[in-house]
Amino acid sequence: MRAFFAVDLPEKVKDQLASLQRQSQYRRNIKWVERDNLHLTLLFLGDISPAQEKRLFDTVPEAVRDIGEFSFSLSGLGAFPNDRKPKVLWVGVKAPGELYRLREALVQTVRKTGISVKDDRFHPHITLGRVKRDFYPLNKIFPGIRSVAEENVTLSSFVLIESTLTPQGPVYKVKKRFCFS
Ligand code: 2AM
């Protein structure tokens, strides 16, 4: 299965982000992430086998044992590769060291399981949408939006998600929730 680790977001934050999506003037040229699919990716795994999935179920709790519940807050709008010619539109995250430690612990455990992952620089973000064609600068896509309310999110768990790609977009299914002790 195609899988990734993610933080699922409280309903209130998903509402806030969905409302931000609706404020854009360029709705047709952008494939918006559906409200219920909004998430913060911790680590994308790609295809993993049932045996690897099972091994992750067993090893991840021990790997994150030293990390307790923590909070992060949303920051401003941004885009990859840049604001001038955006392809991926996102809301940034002001994250404490724990989020980076969590990501690092997952990278190490996943590799021990025989899954190869790229450990690029981690830019925690929540993708709002992807620009399908034509380029518009970010400030044209979200005119008049200067800031995003810094909603605080307390993270007491994270999830392993199965992603099935369909012509209508990805379908996400939570395969396992890992709670901090
Ligand atoms: P994103 O967080 O920037 O949107 C599921 O596909 C999630 O994994 C997406 O949210 C996506 O990025 C992230 N992801 C990271 N690397 C990916 C890759 N090579 N292919 C697909 N998704 C990837």
# chains A, B, ... in the order shown; residues from 1 in each chain; ligands from 1

$ closest_atom_pairs --of "chain A" --to "ligand 1" --cutoff "7 Å" --atoms "only C-alpha atoms and all ligand atoms" --output "JSON lines"
{"residue": "A:Phe4", "atom": "CA", "partner": "ligand 1", "partner_atom_place_in_ligand_line": "8 (O)", "distance": 6.0}
{"residue": "A:His39", "atom": "CA", "partner": "ligand 1", "partner_atom_place_in_ligand_line": "10 (O)", "distance": 6.9}
{"residue": "A:Leu40", "atom": "CA", "partner": "ligand 1", "partner_atom_place_in_ligand_line": "2 (O)", "distance": 6.0}
{"residue": "A:Thr41", "atom": "CA", "partner": "ligand 1", "partner_atom_place_in_ligand_line": "2 (O)", "distance": 4.6}
{"residue": "A:Leu43", "atom": "CA", "partner": "ligand 1", "partner_atom_place_in_ligand_line": "15 (C)", "distance": 6.8}
{"residue": "A:Phe44", "atom": "CA", "partner": "ligand 1", "partner_atom_place_in_ligand_line": "15 (C)", "distance": 4.8}
{"residue": "A:Gly46", "atom": "CA", "partner": "ligand 1", "partner_atom_place_in_ligand_line": "20 (N)", "distance": 6.9}
{"residue": "A:His125", "atom": "CA", "partner": "ligand 1", "partner_atom_place_in_ligand_line": "2 (O)", "distance": 6.6}
{"residue": "A:Ile126", "atom": "CA", "partner": "ligand 1", "partner_atom_place_in_ligand_line": "2 (O)", "distance": 6.1}
{"residue": "A:Thr127", "atom": "CA", "partner": "ligand 1", "partner_atom_place_in_ligand_line": "4 (O)", "distance": 4.7}
{"residue": "A:Ser163", "atom": "CA", "partner": "ligand 1", "partner_atom_place_in_ligand_line": "5 (C)", "distance": 6.7}

$ residues_around --residues "A:Asp120" --least-positions-apart "4" --cutoff "12 Å" --atoms "only C-alpha atoms" --output "number ranges by chain"
A: 42-44, 103-104, 107, 124

$ atom_distance --atom1 "atom CA of A:Val91" --atom2 "atom CA of A:Ser147"
10.0 Å

$ closest_residue --among "A:Arg146, A:Lys31, A:Arg101, A:Lys118" --to "A:Lys132" --atoms "only C-alpha atoms"
A:Lys31

$ residues_around --residues "stretch 167-169 of chain A" --least-positions-apart "2" --cutoff "10 Å" --atoms "only C-alpha atoms" --output "number ranges by chain"
A: 31, 33-34, 163-165, 171-172

$ write_last_selection --atoms "N, CA and C atoms" --output "PDB file, in the first residue's frame"
ATOM      1  N   LYS A  31      -6.459  22.629  -7.694  1.00  0.00           N
ATOM      2  CA  LYS A  31      -7.077  21.428  -7.119  1.00  0.00           C
ATOM      3  C   LYS A  31      -6.919  21.566  -5.605  1.00  0.00           C
ATOM      4  N   VAL A  33      -7.288  20.658  -1.685  1.00  0.00           N
ATOM      5  CA  VAL A  33      -7.354  19.450  -0.853  1.00  0.00           C
ATOM      6  C   VAL A  33      -8.717  19.466  -0.156  1.00  0.00           C
ATOM      7  N   GLU A  34      -9.426  18.358  -0.229  1.00  0.00           N
ATOM      8  CA  GLU A  34     -10.734  18.308   0.423  1.00  0.00           C
ATOM      9  C   GLU A  34     -10.587  18.509   1.929  1.00  0.00           C
ATOM     10  N   SER A 163      -3.016   5.689   1.376  1.00  0.00           N
ATOM     11  CA  SER A 163      -3.518   6.613   0.354  1.00  0.00           C
ATOM     12  C   SER A 163      -3.788   5.832  -0.928  1.00  0.00           C
ATOM     13  N   THR A 164      -5.036   5.826  -1.360  1.00  0.00           N
ATOM     14  CA  THR A 164      -5.389   5.170  -2.629  1.00  0.00           C
ATOM     15  C   THR A 164      -5.674   6.260  -3.647  1.00  0.00           C
ATOM     16  N   LEU A 165      -4.937   6.223  -4.746  1.00  0.00           N
ATOM     17  CA  LEU A 165      -5.128   7.263  -5.755  1.00  0.00           C
ATOM     18  C   LEU A 165      -6.291   6.876  -6.664  1.00  0.00           C
ATOM     19  N   VAL A 171      -7.842   8.869  -1.763  1.00  0.00           N
ATOM     20  CA  VAL A 171      -8.732   8.473  -0.663  1.00  0.00           C
ATOM     21  C   VAL A 171      -7.829   8.029   0.472  1.00  0.00           C
ATOM     22  N   TYR A 172      -7.988   8.662   1.635  1.00  0.00           N
ATOM     23  CA  TYR A 172      -7.138   8.365   2.777  1.00  0.00           C
ATOM     24  C   TYR A 172      -7.871   7.490   3.788  1.00  0.00           C
TER      25      TYR A 172
END

$ atom_distance --atom1 "atom CA of A:Asn29" --atom2 "atom CA of A:Phe135"
9.2 Å

$ residues_around --residues "A:Arg111" --least-positions-apart "6" --cutoff "12 Å" --atoms "only C-alpha atoms" --output "list in words"
Leu43, Leu45, Ile48, Gln52, Arg55, Leu56, Thr59, Val60, Glu104, Ala105, Val117, Lys118 and Asp119 of chain A

$ write_last_selection --atoms "C-alpha atoms" --output "compact mmCIF listing (two decimals), in the first residue's frame"
# COMPACT_ATOMS: atom_id res chain seq x y z
CA LEU A 43 6.91 11.32 6.49
CA LEU A 45 6.77 6.28 2.71
CA ILE A 48 5.15 -0.62 1.69
CA GLN A 52 6.57 -3.78 6.65
CA ARG A 55 6.59 -4.18 11.62
CA LEU A 56 5.89 -0.44 11.82
CA THR A 59 8.30 -0.68 16.31
CA VAL A 60 6.97 2.88 16.07
CA GLU A 104 13.63 12.01 12.79
CA ALA A 105 12.53 9.08 14.97
CA VAL A 117 12.92 7.18 2.44
CA LYS A 118 14.49 10.44 1.48
CA ASP A 119 15.39 12.54 4.49
